[in-house]
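As provided, entry.cif (mmCIF, C-alpha atoms, pLDDT in the B column; chains and numbers go by the auth columns) reads as follows.
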```
data_work
#
loop_
_atom_site.group_PDB
_atom_site.id
_atom_site.type_symbol
_atom_site.label_atom_id
_atom_site.label_comp_id
_atom_site.label_asym_id
_atom_site.label_seq_id
_atom_site.Cartn_x
_atom_site.Cartn_y
_atom_site.Cartn_z
_atom_site.B_iso_or_equiv
_atom_site.auth_seq_id
_atom_site.auth_asym_id
ATOM 1 C CA MET A 1 -104.612 196.602 141.345 43.00 729 X
ATOM 2 C CA ALA A 2 -104.470 192.806 140.887 46.00 730 X
ATOM 3 C CA ASN A 3 -100.754 192.837 141.675 44.00 731 X
ATOM 4 C CA SER A 4 -101.292 194.691 144.957 47.00 732 X
ATOM 5 C CA SER A 5 -104.020 192.234 146.054 50.00 733 X
ATOM 6 C CA PHE A 6 -101.661 189.327 145.294 53.00 734 X
ATOM 7 C CA LEU A 7 -98.946 190.959 147.414 57.00 735 X
ATOM 8 C CA SER A 8 -101.457 191.581 150.177 53.00 736 X
ATOM 9 C CA LEU A 9 -102.527 187.919 150.123 57.00 737 X
ATOM 10 C CA LYS A 10 -98.898 186.764 150.152 50.00 738 X
ATOM 11 C CA TYR A 11 -98.206 189.044 153.137 52.00 739 X
ATOM 12 C CA LYS A 12 -101.203 187.659 155.055 51.00 740 X
ATOM 13 C CA ILE A 13 -100.135 184.069 154.403 53.00 741 X
ATOM 14 C CA MET A 14 -96.561 184.726 155.497 50.00 742 X
ATOM 15 C CA LYS A 15 -97.784 186.575 158.600 46.00 743 X
ATOM 16 C CA ARG A 16 -99.970 183.599 159.549 48.00 744 X
ATOM 17 C CA LEU A 17 -97.139 181.144 158.993 43.00 745 X
ATOM 18 C CA SER A 18 -94.794 183.189 161.155 41.00 746 X
ATOM 19 C CA SER A 19 -97.272 183.178 164.042 41.00 747 X
ATOM 20 C CA LYS A 20 -97.287 179.378 164.385 39.00 748 X
ATOM 21 C CA PRO A 21 -96.090 177.732 167.612 41.00 749 X
ATOM 22 C CA SER A 22 -92.355 177.318 168.164 40.00 750 X
ATOM 23 C CA GLY A 23 -92.423 173.641 167.082 41.00 751 X
ATOM 24 C CA PHE A 24 -93.631 174.667 163.629 41.00 752 X
ATOM 25 C CA VAL A 25 -91.040 174.539 160.881 39.00 753 X
ATOM 26 C CA SER A 26 -91.072 177.878 159.112 39.00 754 X
ATOM 27 C CA PRO A 27 -90.784 178.248 155.329 39.00 755 X
ATOM 28 C CA LYS A 28 -87.199 179.481 155.851 42.00 756 X
ATOM 29 C CA ASP A 29 -86.312 176.119 157.395 38.00 757 X
ATOM 30 C CA ARG A 30 -87.609 174.238 154.393 41.00 758 X
ATOM 31 C CA LEU A 31 -85.398 173.455 151.437 46.00 759 X
ATOM 32 C CA ASP A 32 -85.683 176.124 148.793 43.00 760 X
ATOM 33 C CA SER A 33 -86.485 173.743 145.951 47.00 761 X
ATOM 34 C CA SER A 34 -87.628 170.244 145.171 52.00 762 X
ATOM 35 C CA LEU A 35 -86.630 167.419 147.494 55.00 763 X
ATOM 36 C CA SER A 36 -86.021 165.295 144.417 62.00 764 X
ATOM 37 C CA ARG A 37 -82.755 167.130 143.696 77.00 765 X
ATOM 38 C CA ALA A 38 -79.740 164.855 143.842 84.00 766 X
ATOM 39 C CA PHE A 39 -76.040 165.435 144.379 85.00 767 X
ATOM 40 C CA ARG A 40 -72.996 163.467 143.232 82.00 768 X
ATOM 41 C CA PRO A 41 -71.224 162.218 146.339 82.00 769 X
ATOM 42 C CA ASN A 42 -67.605 163.043 147.132 84.00 770 X
ATOM 43 C CA GLU A 43 -65.683 159.733 147.056 89.00 771 X
ATOM 44 C CA HIS A 44 -63.371 160.616 149.958 89.00 772 X
ATOM 45 C CA GLU A 45 -66.309 161.517 152.206 86.00 773 X
ATOM 46 C CA MET A 46 -68.227 158.440 151.072 89.00 774 X
ATOM 47 C CA ARG A 47 -65.257 156.283 152.080 92.00 775 X
ATOM 48 C CA ARG A 48 -65.535 157.677 155.611 88.00 776 X
ATOM 49 C CA VAL A 49 -69.286 156.992 155.668 87.00 777 X
ATOM 50 C CA PHE A 50 -68.702 153.468 154.367 91.00 778 X
ATOM 51 C CA GLU A 51 -66.129 152.781 157.079 91.00 779 X
ATOM 52 C CA LYS A 52 -68.600 153.911 159.760 86.00 780 X
ATOM 53 C CA LEU A 53 -71.280 151.615 158.340 88.00 781 X
ATOM 54 C CA ASP A 54 -68.833 148.688 158.142 91.00 782 X
ATOM 55 C CA ALA A 55 -69.083 147.916 161.864 84.00 783 X
ATOM 56 C CA ASN A 56 -66.644 144.971 161.885 86.00 784 X
ATOM 57 C CA SER A 57 -64.178 146.563 159.413 90.00 785 X
ATOM 58 C CA ASP A 58 -64.250 143.622 156.993 95.00 786 X
ATOM 59 C CA GLY A 59 -64.650 145.826 153.905 95.00 787 X
ATOM 60 C CA LYS A 60 -68.356 145.013 153.523 96.00 788 X
ATOM 61 C CA ILE A 61 -71.598 146.353 154.902 95.00 789 X
ATOM 62 C CA SER A 62 -73.748 143.442 156.011 94.00 790 X
ATOM 63 C CA LYS A 63 -77.376 143.531 157.082 93.00 791 X
ATOM 64 C CA SER A 64 -76.250 143.344 160.715 91.00 792 X
ATOM 65 C CA ASP A 65 -73.798 146.257 160.199 90.00 793 X
ATOM 66 C CA LEU A 66 -76.577 148.351 158.708 88.00 794 X
ATOM 67 C CA LYS A 67 -79.006 147.366 161.453 88.00 795 X
ATOM 68 C CA LYS A 68 -76.544 148.424 164.189 85.00 796 X
ATOM 69 C CA VAL A 69 -76.078 151.885 162.723 83.00 797 X
ATOM 70 C CA LEU A 70 -79.746 152.436 161.966 81.00 798 X
ATOM 71 C CA ASN A 71 -80.755 151.320 165.462 80.00 799 X
ATOM 72 C CA ALA A 72 -78.134 153.637 166.978 78.00 800 X
ATOM 73 C CA LEU A 73 -79.630 156.526 165.036 76.00 801 X
ATOM 74 C CA GLY A 74 -83.160 155.633 166.087 73.00 802 X
ATOM 75 C CA GLY A 75 -84.198 154.039 162.783 70.00 803 X
ATOM 76 C CA LYS A 76 -87.133 151.689 163.146 72.00 804 X
ATOM 77 C CA LEU A 77 -86.608 149.357 160.179 78.00 805 X
ATOM 78 C CA ASN A 78 -87.490 145.676 160.271 85.00 806 X
ATOM 79 C CA GLU A 79 -85.346 142.834 158.915 88.00 807 X
ATOM 80 C CA ALA A 80 -87.144 142.807 155.545 90.00 808 X
ATOM 81 C CA GLU A 81 -86.575 146.546 155.026 89.00 809 X
ATOM 82 C CA ILE A 82 -82.899 146.245 155.897 89.00 810 X
ATOM 83 C CA ALA A 83 -82.529 143.241 153.572 91.00 811 X
ATOM 84 C CA LYS A 84 -84.176 145.274 150.777 91.00 812 X
ATOM 85 C CA MET A 85 -81.719 148.139 151.327 88.00 813 X
ATOM 86 C CA VAL A 86 -78.761 145.762 151.000 93.00 814 X
ATOM 87 C CA GLU A 87 -80.324 144.016 147.998 93.00 815 X
ATOM 88 C CA MET A 88 -80.744 147.321 146.141 90.00 816 X
ATOM 89 C CA ALA A 89 -76.982 147.974 146.198 91.00 817 X
ATOM 90 C CA ASP A 90 -75.639 144.392 146.124 94.00 818 X
ATOM 91 C CA ILE A 91 -74.398 143.823 142.557 94.00 819 X
ATOM 92 C CA ASN A 92 -72.395 140.607 143.017 96.00 820 X
ATOM 93 C CA GLY A 93 -75.082 138.800 145.035 95.00 821 X
ATOM 94 C CA ASP A 94 -73.043 138.128 148.197 96.00 822 X
ATOM 95 C CA LYS A 95 -75.745 139.782 150.389 95.00 823 X
ATOM 96 C CA CYS A 96 -73.276 142.492 151.457 96.00 824 X
ATOM 97 C CA ILE A 97 -72.253 145.852 150.058 95.00 825 X
ATOM 98 C CA ASP A 98 -68.589 146.465 149.286 96.00 826 X
ATOM 99 C CA PHE A 99 -67.225 149.953 148.674 96.00 827 X
ATOM 100 C CA LYS A 100 -67.427 149.633 144.874 95.00 828 X
ATOM 101 C CA GLU A 101 -71.122 148.704 145.103 94.00 829 X
ATOM 102 C CA PHE A 102 -71.701 151.465 147.668 92.00 830 X
ATOM 103 C CA MET A 103 -70.240 154.083 145.317 92.00 831 X
ATOM 104 C CA HIS A 104 -71.968 152.641 142.248 91.00 832 X
ATOM 105 C CA PHE A 105 -75.343 152.920 143.972 87.00 833 X
ATOM 106 C CA HIS A 106 -74.749 156.465 145.197 83.00 834 X
ATOM 107 C CA LYS A 107 -73.303 157.685 141.903 81.00 835 X
ATOM 108 C CA LYS A 108 -76.223 156.217 139.984 78.00 836 X
ATOM 109 C CA GLU A 109 -78.926 157.448 142.354 74.00 837 X
ATOM 110 C CA GLY A 110 -77.082 160.409 143.810 80.00 838 X
ATOM 111 C CA ILE A 111 -77.602 161.703 147.308 83.00 839 X
ATOM 112 C CA ARG A 112 -81.162 163.028 147.304 85.00 840 X
ATOM 113 C CA ALA A 113 -82.120 166.237 149.066 87.00 841 X
ATOM 114 C CA ALA A 114 -84.927 164.286 150.742 87.00 842 X
ATOM 115 C CA ASP A 115 -82.319 161.919 152.238 84.00 843 X
ATOM 116 C CA ILE A 116 -80.391 164.873 153.634 88.00 844 X
ATOM 117 C CA GLN A 117 -83.607 166.199 155.122 90.00 845 X
ATOM 118 C CA ARG A 118 -84.342 162.795 156.725 86.00 846 X
ATOM 119 C CA ALA A 119 -80.827 162.759 158.184 87.00 847 X
ATOM 120 C CA PHE A 120 -81.479 166.188 159.686 91.00 848 X
ATOM 121 C CA TRP A 121 -84.692 164.999 161.338 90.00 849 X
ATOM 122 C CA MET A 122 -82.900 161.922 162.723 86.00 850 X
ATOM 123 C CA MET A 123 -80.333 164.209 164.360 89.00 851 X
ATOM 124 C CA ASP A 124 -82.920 166.699 165.627 92.00 852 X
ATOM 125 C CA LEU A 125 -83.743 164.568 168.658 91.00 853 X
ATOM 126 C CA ASP A 126 -86.177 166.970 170.306 91.00 854 X
ATOM 127 C CA GLY A 127 -87.957 167.770 167.021 91.00 855 X
ATOM 128 C CA ASP A 128 -87.634 171.536 167.340 93.00 856 X
ATOM 129 C CA GLY A 129 -86.264 172.041 163.825 93.00 857 X
ATOM 130 C CA ARG A 130 -82.720 172.727 165.042 95.00 858 X
ATOM 131 C CA ILE A 131 -79.701 170.646 166.011 95.00 859 X
ATOM 132 C CA GLY A 132 -77.978 171.749 169.179 95.00 860 X
ATOM 133 C CA LYS A 133 -74.881 170.593 170.984 95.00 861 X
ATOM 134 C CA GLU A 134 -76.942 168.154 173.084 95.00 862 X
ATOM 135 C CA ASP A 135 -78.428 166.532 169.962 93.00 863 X
ATOM 136 C CA LEU A 136 -74.992 166.200 168.395 92.00 864 X
ATOM 137 C CA TYR A 137 -73.435 164.842 171.600 94.00 865 X
ATOM 138 C CA THR A 138 -76.115 162.148 171.872 92.00 866 X
ATOM 139 C CA ILE A 139 -75.856 161.145 168.202 89.00 867 X
ATOM 140 C CA MET A 140 -72.045 161.007 168.322 88.00 868 X
ATOM 141 C CA GLY A 141 -72.240 158.734 171.362 88.00 869 X
ATOM 142 C CA ARG A 142 -74.782 156.468 169.662 85.00 870 X
ATOM 143 C CA VAL A 143 -72.509 155.912 166.669 79.00 871 X
ATOM 144 C CA GLY A 144 -69.476 155.302 168.861 80.00 872 X
ATOM 145 C CA GLU A 145 -67.669 158.613 168.366 83.00 873 X
ATOM 146 C CA GLU A 146 -65.835 160.024 171.377 88.00 874 X
ATOM 147 C CA CYS A 147 -66.712 163.687 171.611 88.00 875 X
ATOM 148 C CA SER A 148 -66.982 166.064 174.563 94.00 876 X
ATOM 149 C CA MET A 149 -69.880 168.469 175.001 95.00 877 X
ATOM 150 C CA GLU A 150 -67.427 171.335 174.388 95.00 878 X
ATOM 151 C CA GLU A 151 -66.331 169.785 171.068 94.00 879 X
ATOM 152 C CA CYS A 152 -69.961 169.358 170.043 93.00 880 X
ATOM 153 C CA GLU A 153 -70.671 172.962 170.948 94.00 881 X
ATOM 154 C CA ARG A 154 -67.718 174.097 168.812 93.00 882 X
ATOM 155 C CA MET A 155 -68.875 171.979 165.842 92.00 883 X
ATOM 156 C CA VAL A 156 -72.428 173.327 166.051 93.00 884 X
ATOM 157 C CA ARG A 157 -71.148 176.915 166.359 92.00 885 X
ATOM 158 C CA GLU A 158 -68.980 176.482 163.236 92.00 886 X
ATOM 159 C CA VAL A 159 -71.976 175.391 161.144 92.00 887 X
ATOM 160 C CA ALA A 160 -74.767 177.564 162.562 93.00 888 X
ATOM 161 C CA THR A 161 -75.420 180.807 160.730 92.00 889 X
ATOM 162 C CA GLN A 162 -78.067 182.188 163.094 89.00 890 X
ATOM 163 C CA GLN A 163 -77.072 183.915 166.306 85.00 891 X
ATOM 164 C CA ASP A 164 -78.904 181.300 168.392 90.00 892 X
ATOM 165 C CA GLY A 165 -75.959 178.921 167.853 88.00 893 X
ATOM 166 C CA LEU A 166 -78.168 176.113 166.553 95.00 894 X
ATOM 167 C CA VAL A 167 -78.020 174.317 163.203 95.00 895 X
ATOM 168 C CA ASP A 168 -81.230 174.678 161.201 94.00 896 X
ATOM 169 C CA MET A 169 -82.217 172.761 158.061 93.00 897 X
ATOM 170 C CA GLU A 170 -80.618 175.327 155.778 92.00 898 X
ATOM 171 C CA ASP A 171 -77.281 175.194 157.659 92.00 899 X
ATOM 172 C CA PHE A 172 -77.346 171.380 157.644 91.00 900 X
ATOM 173 C CA PHE A 173 -78.115 171.231 153.928 89.00 901 X
ATOM 174 C CA VAL A 174 -75.211 173.558 153.108 89.00 902 X
ATOM 175 C CA LEU A 175 -72.875 171.503 155.300 88.00 903 X
ATOM 176 C CA MET A 176 -73.907 168.214 153.720 87.00 904 X
ATOM 177 C CA THR A 177 -73.740 169.374 150.095 86.00 905 X
ATOM 178 C CA ARG A 178 -70.816 171.807 150.016 83.00 906 X
ATOM 179 C CA SER A 179 -68.435 169.254 148.489 77.00 907 X
ATOM 180 C CA MET A 180 -71.028 167.693 146.160 79.00 908 X
ATOM 181 C CA GLU A 181 -71.946 168.451 142.594 77.00 909 X
ATOM 182 C CA LEU A 182 -75.623 168.912 141.714 76.00 910 X
ATOM 183 C CA LEU A 183 -76.866 166.157 139.400 72.00 911 X
ATOM 184 C CA HIS A 184 -79.339 167.022 136.681 56.00 912 X
ATOM 185 C CA VAL A 185 -81.951 164.305 137.099 52.00 913 X
#
```
File written out as structure tokens:
Amino acid sequence: MANSSFLSLKYKIMKRLSSKPSGFVSPKDRLDSSLSRAFRPNEHEMRRVFEKLDANSDGKISKSDLKKVLNALGGKLNEAEIAKMVEMADINGDKCIDFKEFMHFHKKEGIRAADIQRAFWMMDLDGDGRIGKEDLYTIMGRVGEECSMEECERMVREVATQQDGLVDMEDFFVLMTRSMELLHV
């Protein structure tokens, strides 16, 4: 009897959650476990990320490099916050981050599931819980990547698992972590 009342309560809760407005992020869209999980980054992919962050291609990420990228993505960090980010990874004290420091920081800390979730929300420009071709096209343009709307549509279609052709949090998480190893932290 107690088990059936628990199931009944669970059903009522899930039914209520599924009747929320379209802007509501359903439980399915949420990560299936703790946001404190971390993943060991793939060095080849991290090299590509580093090169994008290194705006002037001098082999170092400066505060101004980081600020350019964060502003392009809609980040609202002030100078002190950006300086703190650089300081956290800067081992040799030159106020920049070279690739060795970049990898050291990410291997030590790992790529956190919460960071992947934040990246998703930065790319979900209209806040509907899904990334569409328009979102991707805008983001690619902001970071200086040449990409047609048709190419963006193809990329979104390749990642999306739902028939609506949009990338949800689950799709994005799989995409971002498929070449990473789960760290036991």
message: Counting all atoms listed in the file, which residue out of X:Glu862, X:Glu773, X:Glu898, X:Glu809 sits closest to Val884 (chain X)?
response: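 Smallest separation from Val884 (chain X) among the options: X:Glu862.
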Selection in question (the file shown): the PyMOL selection byres ((chain X and resi 801) around 12). Which residues does it include, as a PDB file with C-alpha atoms, keeping the file's coordinate frame?
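out00.pdb, written as the output of this step:
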```pdb
ATOM      1  CA  LEU X 781     -71.280 151.615 158.340  1.00 88.00           C
ATOM      2  CA  LEU X 794     -76.577 148.351 158.708  1.00 88.00           C
ATOM      3  CA  LYS X 795     -79.006 147.366 161.453  1.00 88.00           C
ATOM      4  CA  LYS X 796     -76.544 148.424 164.189  1.00 85.00           C
ATOM      5  CA  VAL X 797     -76.078 151.885 162.723  1.00 83.00           C
ATOM      6  CA  LEU X 798     -79.746 152.436 161.966  1.00 81.00           C
ATOM      7  CA  ASN X 799     -80.755 151.320 165.462  1.00 80.00           C
ATOM      8  CA  ALA X 800     -78.134 153.637 166.978  1.00 78.00           C
ATOM      9  CA  GLY X 802     -83.160 155.633 166.087  1.00 73.00           C
ATOM     10  CA  GLY X 803     -84.198 154.039 162.783  1.00 70.00           C
ATOM     11  CA  LYS X 804     -87.133 151.689 163.146  1.00 72.00           C
ATOM     12  CA  LEU X 805     -86.608 149.357 160.179  1.00 78.00           C
ATOM     13  CA  ARG X 846     -84.342 162.795 156.725  1.00 86.00           C
ATOM     14  CA  ALA X 847     -80.827 162.759 158.184  1.00 87.00           C
ATOM     15  CA  PHE X 848     -81.479 166.188 159.686  1.00 91.00           C
ATOM     16  CA  TRP X 849     -84.692 164.999 161.338  1.00 90.00           C
ATOM     17  CA  MET X 850     -82.900 161.922 162.723  1.00 86.00           C
ATOM     18  CA  MET X 851     -80.333 164.209 164.360  1.00 89.00           C
ATOM     19  CA  ASP X 852     -82.920 166.699 165.627  1.00 92.00           C
ATOM     20  CA  LEU X 853     -83.743 164.568 168.658  1.00 91.00           C
ATOM     21  CA  ASP X 863     -78.428 166.532 169.962  1.00 93.00           C
ATOM     22  CA  LEU X 864     -74.992 166.200 168.395  1.00 92.00           C
ATOM     23  CA  THR X 866     -76.115 162.148 171.872  1.00 92.00           C
ATOM     24  CA  ILE X 867     -75.856 161.145 168.202  1.00 89.00           C
ATOM     25  CA  MET X 868     -72.045 161.007 168.322  1.00 88.00           C
ATOM     26  CA  GLY X 869     -72.240 158.734 171.362  1.00 88.00           C
ATOM     27  CA  ARG X 870     -74.782 156.468 169.662  1.00 85.00           C
ATOM     28  CA  VAL X 871     -72.509 155.912 166.669  1.00 79.00           C
ATOM     29  CA  GLY X 872     -69.476 155.302 168.861  1.00 80.00           C
TER      30      GLY X 872
END
```
query: Hey, can you check how far CA of Asp826 (chain X) sits from CA of Glu779 (chain X)?
result: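 CA of Glu779 (chain X) lies 10.3 Å from CA of Asp826 (chain X).
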field: From X:Gln845, X:Asp856, X:Glu873, X:Met897, residue lying nearest Lys780 (chain X) [all atoms listed in the file]
entry: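 Distance minimum relative to Lys780 (chain X) lands on X:Glu873.
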task: Would you work out the distance separating CA of Asn770 (chain X) from CA of Lys828 (chain X), expressed in Å to one decimal?
output: 13.6 Å
task: Do a neighbour search on Phe830 (chain X) at 9 Å with all atoms listed in the file, toss out local chain neighbours closer than 4 positions, and write the hits as a PyMOL selection string.
output: chain X and resi 774+778+789+817-818+825-826+834-835
Store the residues picked out above, limited to C-alpha atoms, as a compact mmCIF listing (two decimals), in the frame of the given file.
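Once written, result-v8.txt looks like this:
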```txt
# COMPACT_ATOMS: atom_id res chain seq x y z
CA MET X 774 -68.23 158.44 151.07
CA PHE X 778 -68.70 153.47 154.37
CA ILE X 789 -71.60 146.35 154.90
CA ALA X 817 -76.98 147.97 146.20
CA ASP X 818 -75.64 144.39 146.12
CA ILE X 825 -72.25 145.85 150.06
CA ASP X 826 -68.59 146.46 149.29
CA HIS X 834 -74.75 156.46 145.20
CA LYS X 835 -73.30 157.68 141.90
```
query: Can you tell me how far CA of Arg776 (chain X) sits from CA of Ala808 (chain X), in Å to one decimal?
result: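 Straight-line distance from CA of Arg776 (chain X) to CA of Ala808 (chain X) works out to 26.2 Å.
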Kindly resolve the PyMOL selection byres ((chain X and resi 836) around 12) on the present coordinates and return the residues as a CSV table (one decimal) with C-alpha atoms, keeping the file's coordinate frame.
```csv
chain,number,residue,atom,x,y,z
X,766,ALA,CA,-79.7,164.9,143.8
X,767,PHE,CA,-76.0,165.4,144.4
X,768,ARG,CA,-73.0,163.5,143.2
X,769,PRO,CA,-71.2,162.2,146.3
X,816,MET,CA,-80.7,147.3,146.1
X,817,ALA,CA,-77.0,148.0,146.2
X,829,GLU,CA,-71.1,148.7,145.1
X,830,PHE,CA,-71.7,151.5,147.7
X,831,MET,CA,-70.2,154.1,145.3
X,832,HIS,CA,-72.0,152.6,142.2
X,833,PHE,CA,-75.3,152.9,144.0
X,834,HIS,CA,-74.7,156.5,145.2
X,835,LYS,CA,-73.3,157.7,141.9
X,837,GLU,CA,-78.9,157.4,142.4
X,838,GLY,CA,-77.1,160.4,143.8
X,839,ILE,CA,-77.6,161.7,147.3
X,840,ARG,CA,-81.2,163.0,147.3
X,911,LEU,CA,-76.9,166.2,139.4
X,912,HIS,CA,-79.3,167.0,136.7
X,913,VAL,CA,-82.0,164.3,137.1
```
- request: Just the residues within 7 Å of region 890-894 of chain X, please, counting all atoms listed in the file, with nothing from its chain fewer than 6 positions along; format it as a ChimeraX atom specification.
  value: /X:858-860,884
statement: Closest of X:Asp899, X:Arg775, X:Gly787, X:Arg882 to Ile844 (chain X), counting all atoms listed in the file, is X:Asp899
Completed region 841-856 of chain X (N, CA, C and O atoms) as a JSON list (two decimals), in the coordinates of the input:
```
[["chain", "number", "residue", "atom", "x", "y", "z"],
["X", 841, "ALA", "N", -81.85, 165.20, 148.07],
["X", 841, "ALA", "CA", -82.12, 166.24, 149.07],
["X", 841, "ALA", "C", -83.06, 165.71, 150.15],
["X", 841, "ALA", "O", -82.91, 166.04, 151.32],
["X", 842, "ALA", "N", -84.00, 164.86, 149.76],
["X", 842, "ALA", "CA", -84.93, 164.29, 150.74],
["X", 842, "ALA", "C", -84.18, 163.41, 151.75],
["X", 842, "ALA", "O", -84.56, 163.36, 152.93],
["X", 843, "ASP", "N", -83.12, 162.74, 151.31],
["X", 843, "ASP", "CA", -82.32, 161.92, 152.24],
["X", 843, "ASP", "C", -81.57, 162.80, 153.23],
["X", 843, "ASP", "O", -81.43, 162.46, 154.40],
["X", 844, "ILE", "N", -81.09, 163.93, 152.75],
["X", 844, "ILE", "CA", -80.39, 164.87, 153.63],
["X", 844, "ILE", "C", -81.38, 165.42, 154.65],
["X", 844, "ILE", "O", -81.07, 165.53, 155.84],
["X", 845, "GLN", "N", -82.58, 165.71, 154.20],
["X", 845, "GLN", "CA", -83.61, 166.20, 155.12],
["X", 845, "GLN", "C", -83.94, 165.13, 156.17],
["X", 845, "GLN", "O", -84.06, 165.44, 157.36],
["X", 846, "ARG", "N", -84.08, 163.87, 155.76],
["X", 846, "ARG", "CA", -84.34, 162.79, 156.72],
["X", 846, "ARG", "C", -83.20, 162.67, 157.74],
["X", 846, "ARG", "O", -83.44, 162.44, 158.92],
["X", 847, "ALA", "N", -81.98, 162.82, 157.27],
["X", 847, "ALA", "CA", -80.83, 162.76, 158.18],
["X", 847, "ALA", "C", -80.92, 163.88, 159.21],
["X", 847, "ALA", "O", -80.64, 163.68, 160.40],
["X", 848, "PHE", "N", -81.32, 165.06, 158.76],
["X", 848, "PHE", "CA", -81.48, 166.19, 159.69],
["X", 848, "PHE", "C", -82.49, 165.84, 160.77],
["X", 848, "PHE", "O", -82.24, 166.03, 161.96],
["X", 849, "TRP", "N", -83.64, 165.30, 160.36],
["X", 849, "TRP", "CA", -84.69, 165.00, 161.34],
["X", 849, "TRP", "C", -84.27, 163.88, 162.28],
["X", 849, "TRP", "O", -84.71, 163.84, 163.44],
["X", 850, "MET", "N", -83.41, 162.96, 161.82],
["X", 850, "MET", "CA", -82.90, 161.92, 162.72],
["X", 850, "MET", "C", -81.98, 162.53, 163.78],
["X", 850, "MET", "O", -81.93, 162.04, 164.90],
["X", 851, "MET", "N", -81.27, 163.58, 163.43],
["X", 851, "MET", "CA", -80.33, 164.21, 164.36],
["X", 851, "MET", "C", -81.01, 165.24, 165.26],
["X", 851, "MET", "O", -80.49, 165.57, 166.31],
["X", 852, "ASP", "N", -82.16, 165.73, 164.83],
["X", 852, "ASP", "CA", -82.92, 166.70, 165.63],
["X", 852, "ASP", "C", -83.76, 165.91, 166.63],
["X", 852, "ASP", "O", -84.94, 165.67, 166.44],
["X", 853, "LEU", "N", -83.13, 165.50, 167.72],
["X", 853, "LEU", "CA", -83.74, 164.57, 168.66],
["X", 853, "LEU", "C", -84.98, 165.11, 169.37],
["X", 853, "LEU", "O", -85.89, 164.36, 169.69],
["X", 854, "ASP", "N", -85.01, 166.42, 169.61],
["X", 854, "ASP", "CA", -86.18, 166.97, 170.31],
["X", 854, "ASP", "C", -87.23, 167.50, 169.34],
["X", 854, "ASP", "O", -88.28, 167.97, 169.77],
["X", 855, "GLY", "N", -86.96, 167.40, 168.03],
["X", 855, "GLY", "CA", -87.96, 167.77, 167.02],
["X", 855, "GLY", "C", -88.29, 169.24, 166.94],
["X", 855, "GLY", "O", -89.34, 169.62, 166.44],
["X", 856, "ASP", "N", -87.36, 170.10, 167.37],
["X", 856, "ASP", "CA", -87.63, 171.54, 167.34],
["X", 856, "ASP", "C", -87.18, 172.22, 166.05],
["X", 856, "ASP", "O", -87.28, 173.44, 165.94]]
```
